[in-house]
>>> print(open('model26.cif').read())   # mmCIF, C-alpha atoms
data_my_file
loop_
_atom_site.label_atom_id
_atom_site.label_comp_id
_atom_site.auth_asym_id
_atom_site.auth_seq_id
_atom_site.Cartn_x
_atom_site.Cartn_y
_atom_site.Cartn_z
CA MET A 1252 -83.52 -82.87 -42.98
CA ARG A 1253 -83.43 -84.51 -39.52
CA LYS A 1254 -79.71 -83.75 -39.30
CA GLU A 1255 -80.31 -80.08 -40.20
CA LYS A 1256 -83.04 -79.78 -37.56
CA ALA A 1257 -80.77 -81.40 -34.94
CA GLN A 1258 -78.01 -78.92 -35.83
CA ILE A 1259 -80.37 -75.96 -35.45
CA VAL A 1260 -81.53 -77.24 -32.04
CA LEU A 1261 -77.91 -77.73 -30.95
CA SER A 1262 -77.01 -74.19 -32.03
CA ILE A 1263 -79.98 -72.74 -30.14
CA VAL A 1264 -79.03 -74.66 -26.98
CA GLU A 1265 -75.42 -73.56 -27.34
CA VAL A 1266 -76.23 -69.88 -27.82
CA SER A 1267 -78.75 -70.08 -24.93
CA PHE A 1268 -75.95 -71.31 -22.66
CA PHE A 1269 -73.90 -68.27 -23.55
CA VAL A 1270 -76.84 -65.91 -23.16
CA ALA A 1271 -77.27 -67.33 -19.64
CA LEU A 1272 -73.55 -66.75 -18.99
CA VAL A 1273 -73.75 -63.19 -20.28
CA VAL A 1274 -76.78 -62.47 -18.09
CA ALA A 1275 -74.95 -63.89 -15.08
CA TYR A 1276 -71.62 -62.20 -15.87
CA ASN A 1277 -72.50 -59.18 -17.96
CA PHE A 1278 -68.91 -58.50 -19.09
CA LEU A 1279 -68.87 -61.69 -21.18
CA TRP A 1280 -70.81 -60.19 -24.11
CA PRO A 1281 -67.85 -60.25 -26.55
CA VAL A 1282 -67.82 -64.02 -26.08
CA LEU A 1283 -71.51 -64.23 -26.96
CA LEU A 1284 -70.93 -62.06 -30.04
CA PHE A 1285 -68.40 -64.53 -31.43
CA VAL A 1286 -70.46 -67.57 -30.65
CA ALA A 1287 -73.29 -65.95 -32.60
CA LEU A 1288 -70.95 -64.93 -35.47
CA SER A 1289 -69.45 -68.38 -35.71
CA HIS A 1290 -72.95 -69.72 -36.27
CA VAL A 1291 -73.75 -67.63 -39.33
CA PRO A 1292 -74.98 -70.41 -41.64
CA ALA A 1293 -72.85 -71.03 -44.74
CA LYS A 1294 -75.97 -70.67 -46.91
CA VAL A 1295 -76.48 -67.07 -45.75
CA LEU A 1296 -72.87 -66.20 -46.59
CA LYS A 1297 -73.09 -67.71 -50.07
CA LYS A 1298 -76.06 -65.53 -51.09
CA MET B 1019 -72.20 -52.39 -55.13
CA LEU B 1020 -72.89 -52.77 -51.40
CA LYS B 1021 -73.25 -56.51 -51.95
CA SER B 1022 -69.81 -56.56 -53.58
CA ILE B 1023 -68.28 -54.70 -50.62
CA VAL B 1024 -69.75 -57.32 -48.27
CA LYS B 1025 -68.33 -60.05 -50.50
CA PHE B 1026 -64.85 -58.49 -50.46
CA ALA B 1027 -65.13 -58.20 -46.69
CA ARG B 1028 -65.51 -62.01 -46.11
CA VAL B 1029 -67.57 -62.25 -42.92
CA ARG B 1030 -65.61 -65.15 -41.43
CA ILE B 1031 -62.21 -63.46 -41.78
CA ILE B 1032 -63.66 -60.36 -40.13
CA ALA B 1033 -65.14 -62.43 -37.30
CA THR B 1034 -61.73 -63.99 -36.59
CA CYS B 1035 -59.89 -60.65 -36.87
CA PHE B 1036 -62.38 -58.96 -34.60
CA ALA B 1037 -62.02 -61.79 -32.09
CA LEU B 1038 -58.31 -60.96 -32.09
CA VAL B 1039 -59.14 -57.26 -31.56
CA PHE B 1040 -61.20 -58.24 -28.51
CA LEU B 1041 -58.40 -60.47 -27.28
CA GLY B 1042 -55.99 -57.52 -27.52
CA SER B 1043 -58.36 -55.24 -25.62
CA ALA B 1044 -59.05 -57.92 -22.99
CA ALA B 1045 -55.28 -58.42 -22.56
CA ALA B 1046 -54.99 -54.66 -21.99
CA GLY B 1047 -57.70 -54.76 -19.35
CA SER B 1048 -61.03 -53.56 -20.79
CA VAL B 1049 -63.28 -53.01 -23.80
CA THR B 1050 -63.67 -49.37 -24.92
CA PRO B 1051 -65.56 -47.56 -27.74
CA LYS B 1052 -62.27 -47.58 -29.68
CA THR B 1053 -62.38 -51.39 -29.56
CA ILE B 1054 -65.78 -51.26 -31.29
CA LEU B 1055 -64.47 -48.66 -33.79
CA ALA B 1056 -61.75 -51.15 -34.71
CA PHE B 1057 -64.53 -53.21 -36.28
CA ILE B 1058 -64.94 -50.63 -39.08
CA LEU B 1059 -61.16 -50.40 -39.44
CA ILE B 1060 -60.87 -54.18 -39.73
CA VAL B 1061 -63.68 -54.28 -42.32
CA ALA B 1062 -61.96 -51.53 -44.36
CA PHE B 1063 -58.58 -53.27 -44.14
CA THR B 1064 -60.08 -56.64 -45.12
CA VAL B 1065 -61.92 -55.13 -48.11
CA HIS B 1066 -58.66 -53.46 -49.22
CA ALA B 1067 -56.65 -56.67 -48.85
CA ASN B 1068 -59.17 -59.03 -50.44
CA SER B 1069 -60.07 -56.72 -53.32
CA ILE B 1070 -56.46 -56.41 -54.53
CA ASN B 1071 -55.91 -60.13 -53.97
CA ASP B 1072 -59.06 -60.99 -55.94
CA TYR B 1073 -57.95 -58.61 -58.70
CA SER B 1074 -54.52 -60.21 -59.07
CA ASP B 1075 -55.93 -63.75 -58.79
CA ARG B 1076 -58.99 -63.24 -61.02
CA ASP B 1077 -57.70 -65.65 -63.71
CA ILE B 1078 -56.92 -68.36 -61.14
CA ASP B 1079 -60.26 -67.80 -59.38
CA GLU B 1080 -62.11 -68.30 -62.67
CA ILE B 1081 -60.81 -71.89 -62.59
CA ASN B 1082 -60.87 -72.59 -58.84
CA LEU B 1083 -64.00 -70.68 -57.87
CA LYS B 1084 -66.14 -70.52 -60.98
CA ASP B 1085 -69.26 -71.37 -58.97
CA ALA B 1086 -68.34 -69.25 -55.94
CA HIS B 1087 -70.70 -66.35 -55.23
CA ASP B 1088 -68.22 -64.49 -53.05
CA ARG B 1089 -65.91 -63.33 -55.87
CA PRO B 1090 -67.49 -60.20 -57.49
CA LEU B 1091 -64.76 -60.08 -60.16
CA VAL B 1092 -65.51 -63.66 -61.22
CA THR B 1093 -69.29 -63.18 -61.18
CA LYS B 1094 -68.84 -59.76 -62.91
CA ASP B 1095 -71.06 -58.01 -60.36
CA ILE B 1096 -69.08 -54.74 -60.53
CA THR B 1097 -67.44 -52.57 -63.16
CA ASN B 1098 -63.73 -51.76 -63.22
CA THR B 1099 -64.37 -48.20 -61.96
CA GLN B 1100 -66.54 -49.44 -59.09
CA PHE B 1101 -63.84 -51.96 -58.16
CA TRP B 1102 -61.08 -49.34 -57.86
CA ALA B 1103 -63.44 -46.97 -56.03
CA ILE B 1104 -64.14 -49.67 -53.42
CA HIS B 1105 -60.45 -50.60 -53.16
CA PHE B 1106 -59.04 -47.10 -52.63
CA THR B 1107 -61.91 -45.85 -50.44
CA SER B 1108 -61.43 -48.80 -48.08
CA GLY B 1109 -57.67 -48.11 -47.92
CA PHE B 1110 -58.13 -44.41 -47.11
CA LEU B 1111 -60.88 -45.21 -44.59
CA ALA B 1112 -58.57 -47.64 -42.77
CA LEU B 1113 -55.76 -45.08 -42.76
CA GLY B 1114 -58.07 -42.29 -41.56
CA LEU B 1115 -59.52 -44.31 -38.70
CA SER B 1116 -56.07 -45.53 -37.60
CA ILE B 1117 -55.37 -41.99 -36.29
CA PHE B 1118 -57.50 -42.89 -33.24
CA TYR B 1119 -54.92 -45.55 -32.29
CA GLY B 1120 -51.92 -43.21 -32.11
CA LEU B 1121 -48.77 -43.05 -34.20
CA GLY B 1122 -48.29 -46.82 -33.81
CA GLY B 1123 -51.74 -47.40 -35.30
CA VAL B 1124 -51.06 -45.16 -38.33
CA VAL B 1125 -47.62 -46.70 -39.02
CA LEU B 1126 -48.96 -50.24 -38.64
CA THR B 1127 -51.96 -49.53 -40.91
CA LEU B 1128 -49.62 -48.08 -43.58
CA ALA B 1129 -47.47 -51.21 -43.22
CA VAL B 1130 -50.38 -53.65 -43.63
CA LEU B 1131 -51.79 -51.70 -46.60
CA PHE B 1132 -48.32 -51.92 -48.18
CA ILE B 1133 -48.20 -55.65 -47.39
CA ASP B 1134 -51.56 -56.04 -49.21
CA TYR B 1135 -49.80 -54.89 -52.41
CA ILE B 1136 -46.53 -56.80 -52.10
CA TYR B 1137 -48.52 -59.90 -51.15
CA SER B 1138 -50.69 -59.86 -54.28
CA LEU B 1139 -48.87 -57.86 -56.97
CA LYS B 1140 -45.68 -58.36 -58.97
CA PRO B 1141 -42.67 -58.10 -58.70
CA LEU B 1142 -42.69 -59.61 -55.18
CA ARG B 1143 -46.11 -61.38 -55.22
CA ILE B 1144 -45.54 -63.13 -51.91
CA THR B 1145 -48.74 -65.15 -52.37
CA ASP B 1146 -46.77 -67.34 -54.83
CA ARG B 1147 -44.00 -68.06 -52.33
CA THR B 1148 -44.39 -71.34 -50.51
CA PHE B 1149 -43.03 -70.35 -47.10
CA ALA B 1150 -43.24 -66.54 -47.02
CA SER B 1151 -46.96 -66.48 -47.93
CA PRO B 1152 -48.49 -68.12 -44.80
CA LEU B 1153 -45.88 -66.54 -42.50
CA LEU B 1154 -46.39 -62.96 -43.69
CA LEU B 1155 -50.17 -63.22 -43.90
CA ALA B 1156 -50.46 -64.71 -40.41
CA ALA B 1157 -48.10 -62.13 -38.92
CA ALA B 1158 -49.95 -59.23 -40.56
CA TYR B 1159 -53.47 -60.33 -39.64
CA THR B 1160 -52.64 -61.38 -36.08
CA TYR B 1161 -50.32 -58.55 -35.07
CA TYR B 1162 -52.50 -55.86 -36.68
CA SER B 1163 -55.81 -57.03 -35.20
CA PHE B 1164 -54.40 -57.79 -31.76
CA SER B 1165 -52.49 -54.49 -31.59
CA LEU B 1166 -55.56 -52.43 -32.56
CA GLY B 1167 -57.40 -54.05 -29.67
CA PHE B 1168 -54.51 -53.53 -27.27
CA TRP B 1169 -54.03 -49.90 -28.30
CA SER B 1170 -57.77 -49.23 -28.01
CA VAL B 1171 -57.29 -49.25 -24.22
CA HIS B 1172 -55.29 -46.71 -22.26
CA THR B 1173 -53.08 -49.05 -20.23
CA SER B 1174 -49.66 -49.39 -18.64
CA THR B 1175 -49.66 -53.18 -19.23
CA THR B 1176 -46.64 -54.51 -21.17
CA TYR B 1177 -47.44 -55.66 -24.71
CA PRO B 1178 -48.16 -59.42 -24.50
CA TRP B 1179 -45.68 -60.60 -27.16
CA LEU B 1180 -45.81 -64.26 -26.16
CA LEU B 1181 -49.59 -64.41 -26.55
CA THR B 1182 -49.37 -62.64 -29.94
CA ILE B 1183 -46.74 -65.14 -31.14
CA GLY B 1184 -48.93 -68.06 -29.99
CA LEU B 1185 -51.94 -66.64 -31.86
CA CYS B 1186 -49.76 -66.06 -34.93
CA PHE B 1187 -48.69 -69.74 -34.89
CA GLY B 1188 -52.36 -70.73 -34.71
CA PHE B 1189 -53.10 -68.52 -37.70
CA ILE B 1190 -50.25 -70.16 -39.67
CA ALA B 1191 -51.74 -73.59 -38.86
CA ARG B 1192 -55.08 -72.40 -40.30
CA LEU B 1193 -53.59 -70.64 -43.35
CA LEU B 1194 -51.69 -73.77 -44.40
CA LEU B 1195 -55.09 -75.39 -44.98
CA LYS B 1196 -56.62 -72.61 -47.07
CA ASP B 1197 -55.25 -73.89 -50.40
CA PHE B 1198 -57.08 -77.22 -50.45
CA ARG B 1199 -59.90 -75.90 -52.63
CA ASP B 1200 -57.51 -74.07 -54.99
CA VAL B 1201 -55.25 -76.90 -56.13
CA LYS B 1202 -56.44 -77.06 -59.75
CA GLY B 1203 -56.03 -73.37 -60.59
CA ASP B 1204 -52.86 -72.98 -58.54
CA LYS B 1205 -51.24 -75.84 -60.45
CA LYS B 1206 -52.27 -74.41 -63.82
CA HIS B 1207 -50.91 -70.94 -63.02
CA GLY B 1208 -47.68 -72.18 -61.42
CA LYS B 1209 -48.61 -70.94 -57.95
CA ILE B 1210 -46.53 -73.31 -55.82
CA THR B 1211 -48.36 -73.31 -52.51
CA PHE B 1212 -47.18 -75.35 -49.53
CA LEU B 1213 -49.85 -77.93 -50.34
CA LEU B 1214 -48.75 -78.27 -53.98
CA ARG B 1215 -45.08 -78.54 -53.10
CA PHE B 1216 -45.31 -81.02 -50.24
CA GLY B 1217 -48.70 -82.77 -50.62
CA SER B 1218 -51.60 -83.12 -48.21
CA LYS B 1219 -49.89 -85.42 -45.65
CA VAL B 1220 -46.96 -83.07 -45.01
CA THR B 1221 -49.22 -79.98 -45.08
CA THR B 1222 -51.63 -81.38 -42.50
CA SER B 1223 -48.72 -82.61 -40.33
CA VAL B 1224 -47.00 -79.20 -40.39
CA SER B 1225 -50.35 -77.54 -39.67
CA GLY B 1226 -50.76 -79.87 -36.67
CA VAL B 1227 -47.27 -79.00 -35.38
CA PHE B 1228 -48.05 -75.27 -35.63
CA TRP B 1229 -51.42 -75.83 -33.92
CA ILE B 1230 -49.84 -77.68 -30.96
CA ALA B 1231 -47.02 -75.12 -30.72
CA ALA B 1232 -49.62 -72.34 -30.72
CA MET B 1233 -51.60 -73.97 -27.92
CA LEU B 1234 -48.45 -74.53 -25.82
CA ILE B 1235 -47.33 -70.91 -26.27
CA VAL B 1236 -50.81 -69.58 -25.40
CA VAL B 1237 -50.94 -71.75 -22.26
CA ALA B 1238 -47.47 -70.48 -21.26
CA ALA B 1239 -48.46 -66.85 -22.03
CA THR B 1240 -51.51 -67.13 -19.76
CA SER B 1241 -49.45 -68.72 -16.91
CA PHE B 1242 -50.81 -72.28 -17.21
CA PRO B 1243 -54.41 -71.89 -15.97
CA PHE B 1244 -56.58 -75.05 -15.79
CA GLY B 1245 -59.45 -73.12 -17.36
CA ILE B 1246 -57.41 -72.92 -20.57
CA ILE B 1247 -55.19 -76.04 -20.44
CA ILE B 1248 -58.06 -78.57 -20.39
CA PRO B 1249 -60.21 -77.20 -23.27
CA LEU B 1250 -57.16 -76.44 -25.44
CA LEU B 1251 -55.73 -79.91 -24.83
CA ILE B 1252 -58.99 -81.65 -25.76
CA GLY B 1253 -59.41 -79.25 -28.72
CA SER B 1254 -55.90 -80.09 -29.96
CA VAL B 1255 -56.63 -83.83 -29.86
CA MET B 1256 -59.85 -83.24 -31.87
CA VAL B 1257 -58.05 -81.03 -34.40
CA CYS B 1258 -55.27 -83.63 -34.85
CA LYS B 1259 -57.93 -86.26 -35.56
CA TRP B 1260 -59.60 -84.00 -38.17
CA LEU B 1261 -56.22 -83.20 -39.72
CA LEU B 1262 -55.60 -86.92 -40.07
CA LEU B 1263 -58.97 -87.31 -41.83
CA LEU B 1264 -58.12 -84.32 -44.03
CA SER B 1265 -54.81 -85.88 -45.08
CA ARG B 1266 -56.77 -88.94 -46.29
CA ALA B 1267 -59.72 -87.06 -47.86
CA ARG B 1268 -59.81 -87.19 -51.65
CA SER B 1269 -62.77 -85.07 -52.80
CA ILE B 1270 -62.68 -81.27 -52.63
CA THR B 1271 -66.07 -81.24 -50.84
CA GLU B 1272 -64.76 -83.51 -48.07
CA GLN B 1273 -61.59 -81.44 -47.74
CA GLN B 1274 -63.53 -78.16 -47.56
CA GLU B 1275 -65.90 -79.52 -44.92
CA LEU B 1276 -62.99 -80.71 -42.78
CA VAL B 1277 -61.13 -77.41 -43.18
CA ALA B 1278 -64.33 -75.62 -42.07
CA ILE B 1279 -64.61 -77.85 -38.97
CA ILE B 1280 -60.95 -77.17 -38.06
CA ALA B 1281 -61.40 -73.42 -38.64
CA LYS B 1282 -64.40 -73.45 -36.31
CA ALA B 1283 -62.34 -75.24 -33.64
CA ALA B 1284 -59.69 -72.51 -34.02
CA ASN B 1285 -62.34 -69.81 -33.52
CA PHE B 1286 -63.60 -71.66 -30.44
CA ALA B 1287 -60.06 -71.73 -29.03
CA ILE B 1288 -59.92 -67.94 -29.47
CA ILE B 1289 -63.28 -67.58 -27.66
CA THR B 1290 -62.02 -69.72 -24.76
CA ILE B 1291 -58.89 -67.57 -24.42
CA LEU B 1292 -61.08 -64.45 -24.64
CA ALA B 1293 -63.35 -65.78 -21.87
CA TYR B 1294 -60.27 -66.44 -19.72
CA LEU B 1295 -58.80 -62.95 -20.26
CA LEU B 1296 -62.16 -61.26 -19.58
CA CYS B 1297 -62.61 -63.27 -16.37
CA HIS B 1298 -59.00 -62.70 -15.35
CA GLN B 1299 -59.38 -58.90 -15.66
CA HIS B 1300 -62.73 -58.81 -13.86
CA VAL B 1301 -62.18 -57.83 -10.23
CA GLY B 1302 -65.54 -59.09 -8.95
CA LEU B 1303 -64.80 -62.77 -9.60
CA SER B 1304 -63.36 -65.33 -7.20
CA ALA B 1305 -60.25 -67.35 -8.13
CA THR B 1306 -62.46 -70.41 -8.73
CA GLU B 1307 -64.84 -68.51 -11.04
CA LYS B 1308 -61.84 -67.21 -13.03
CA GLU B 1309 -60.89 -70.82 -13.79
CA VAL B 1310 -64.34 -72.43 -14.04
CA ILE B 1311 -66.00 -69.95 -16.46
CA PRO B 1312 -63.43 -70.28 -19.31
CA LEU B 1313 -63.31 -74.03 -18.64
CA ALA B 1314 -67.11 -74.25 -19.02
CA VAL B 1315 -67.08 -72.04 -22.14
CA GLY B 1316 -64.30 -74.11 -23.74
CA LEU B 1317 -65.85 -77.48 -22.91
CA VAL B 1318 -69.34 -76.47 -24.07
CA LEU B 1319 -67.95 -75.16 -27.38
CA LEU B 1320 -65.95 -78.36 -27.92
CA ALA B 1321 -68.94 -80.53 -27.05
CA PHE B 1322 -71.15 -78.71 -29.55
CA ASN B 1323 -68.49 -78.72 -32.25
CA TRP B 1324 -68.13 -82.48 -31.74
CA LEU B 1325 -71.91 -83.08 -31.70
CA GLN B 1326 -72.51 -80.93 -34.78
CA ASN B 1327 -69.90 -82.82 -36.77
CA LEU B 1328 -70.49 -86.27 -35.33
CA ASP B 1329 -72.32 -87.65 -38.38
CA TYR B 1330 -69.79 -86.25 -40.80
CA VAL B 1331 -66.76 -87.64 -38.92
CA LYS B 1332 -68.45 -91.06 -38.66
CA VAL B 1333 -69.06 -91.15 -42.41
CA THR B 1334 -65.51 -90.00 -43.26
CA ASN B 1335 -64.05 -92.53 -40.80
CA GLY B 1336 -66.01 -95.29 -42.49
CA ARG B 1337 -64.76 -94.22 -45.92
CA SER B 1338 -61.11 -93.99 -44.91
CA ASN B 1339 -60.96 -97.30 -43.01
#
>>> encode(input="model26.cif", output="structure tokens")
Amino acid sequence: MRKEKAQIVLSIVEVSFFVALVVAYNFLWPVLLFVALSHVPAKVLKK
Amino acid sequence: MLKSIVKFARVRIIATCFALVFLGSAAAGSVTPKTILAFILIVAFTVHANSINDYSDRDIDEINLKDAHDRPLVTKDITNTQFWAIHFTSGFLALGLSIFYGLGGVVLTLAVLFIDYIYSLKPLRITDRTFASPLLLAAAYTYYSFSLGFWSVHTSTTYPWLLTIGLCFGFIARLLLKDFRDVKGDKKHGKITFLLRFGSKVTTSVSGVFWIAAMLIVVAATSFPFGIIIPLLIGSVMVCKWLLLLSRARSITEQQELVAIIAKAANFAIITILAYLLCHQHVGLSATEKEVIPLAVGLVLLAFNWLQNLDYVKVTNGRSN
């Protein structure tokens, strides 16, 4: 459970970094899209 | 039925293919509405390819993937009529949309739809061929996705063949690992994959060689920028370490987890290259920013990939020592 929570926090921090990059350099949105897509949890895909 | 279409589409394959579309468009100089339209084309092509592959492999999948929820033919979620309706509609949709990418787009779409059949169906059934299978699949997915992206932009830029070849090598490295979860059924049905013929040590070693070759070619194709060299070098070291763990892993769960970690690293490499190309094409950036932004993107992705898998790698290390 602790590990799962830590992973969620890490993902949020990671995506936030890219959101900040996209805001600063607005042409970087394709990069953000793939960071978000690569974080689709396996559980969601299995359903 | 919609659920089955989504299952045939395989979100992760689409994400990787669409990353390649973006790479193609970034290499051509910009992102246009046709780049976004390529998303639908890629989904249609993937549904067409996976549906016929699932159909031909349904007996093998019933052994390998009996608990998998992403195989509608195994879980019997759709009827035969619905299956063929999905398959042919996706094929025609892909062909119809390819008109927007010129004659090259139409010819290439016809070629990949044809490859879908010779890959999965007899008499050729390339999926059963040890060497031809990963080579053809990687070439088709990489060249098709990248070209759609490149052709979505009106440009006078020369087609970046070297970059495409590098990406194709990376795809081969990834595809060599896809058969780890299928060993049981493949063996029973006489499907001699690379893994079955040469074992896990050789397969992971060859995958590593392709991975390193891919990274070297990509670095050469992008004219040796620091923003790419450093993250790709560190990423390659991490991937080699995971490949070593994979060669020693015994349980299917362990193998699948490691393959997933390596696949994620591959996606992150694509994102780093994408960040570099986008920065490189952007006129408003200084030379330093063009190097620092992809470097930061690559290093952050690697750091998070490492942190997210830290516990798992520690445990596996302990088991294999």
>>> interface_residues(input="model26.cif", of="chain B", to="chain A", cutoff="7 Å", atoms="only C-alpha atoms", output="list in words")
Ala1033, Ala1037, His1087, Asp1088, Ile1289, Leu1292, Ala1293, Leu1296, Phe1322 and Gln1326 of chain B
>>> atom_distance(input="model26.cif", atom1="atom CA of Leu1181 of chain B", atom2="atom CA of Thr1240 of chain B")
7.6 Å
>>> resolve_selection(input="model26.cif", expression="the PyMOL selection byres ((chain B and resi 1074) around 10)", output="list of chain:residue names")
B:Asn1068, B:Ser1069, B:Ile1070, B:Asn1071, B:Asp1072, B:Tyr1073, B:Asp1075, B:Arg1076, B:Asp1077, B:Ile1078, B:Asp1079, B:Tyr1135, B:Tyr1137, B:Ser1138, B:Leu1139, B:Lys1140, B:Arg1143
>>> atom_distance(input="model26.cif", atom1="atom CA of Phe1242 of chain B", atom2="atom CA of Ile1291 of chain B")
11.8 Å
>>> resolve_selection(input="model26.cif", expression="the PyMOL selection byres ((chain B and resi 1187) around 10)", output="ChimeraX atom specification")
/B:1153,1156-1157,1160,1181-1186,1188-1193,1225,1227-1233,1235-1236
>>> atom_distance(input="model26.cif", atom1="atom CA of Lys1052 of chain B", atom2="atom CA of Phe1040 of chain B")
10.8 Å
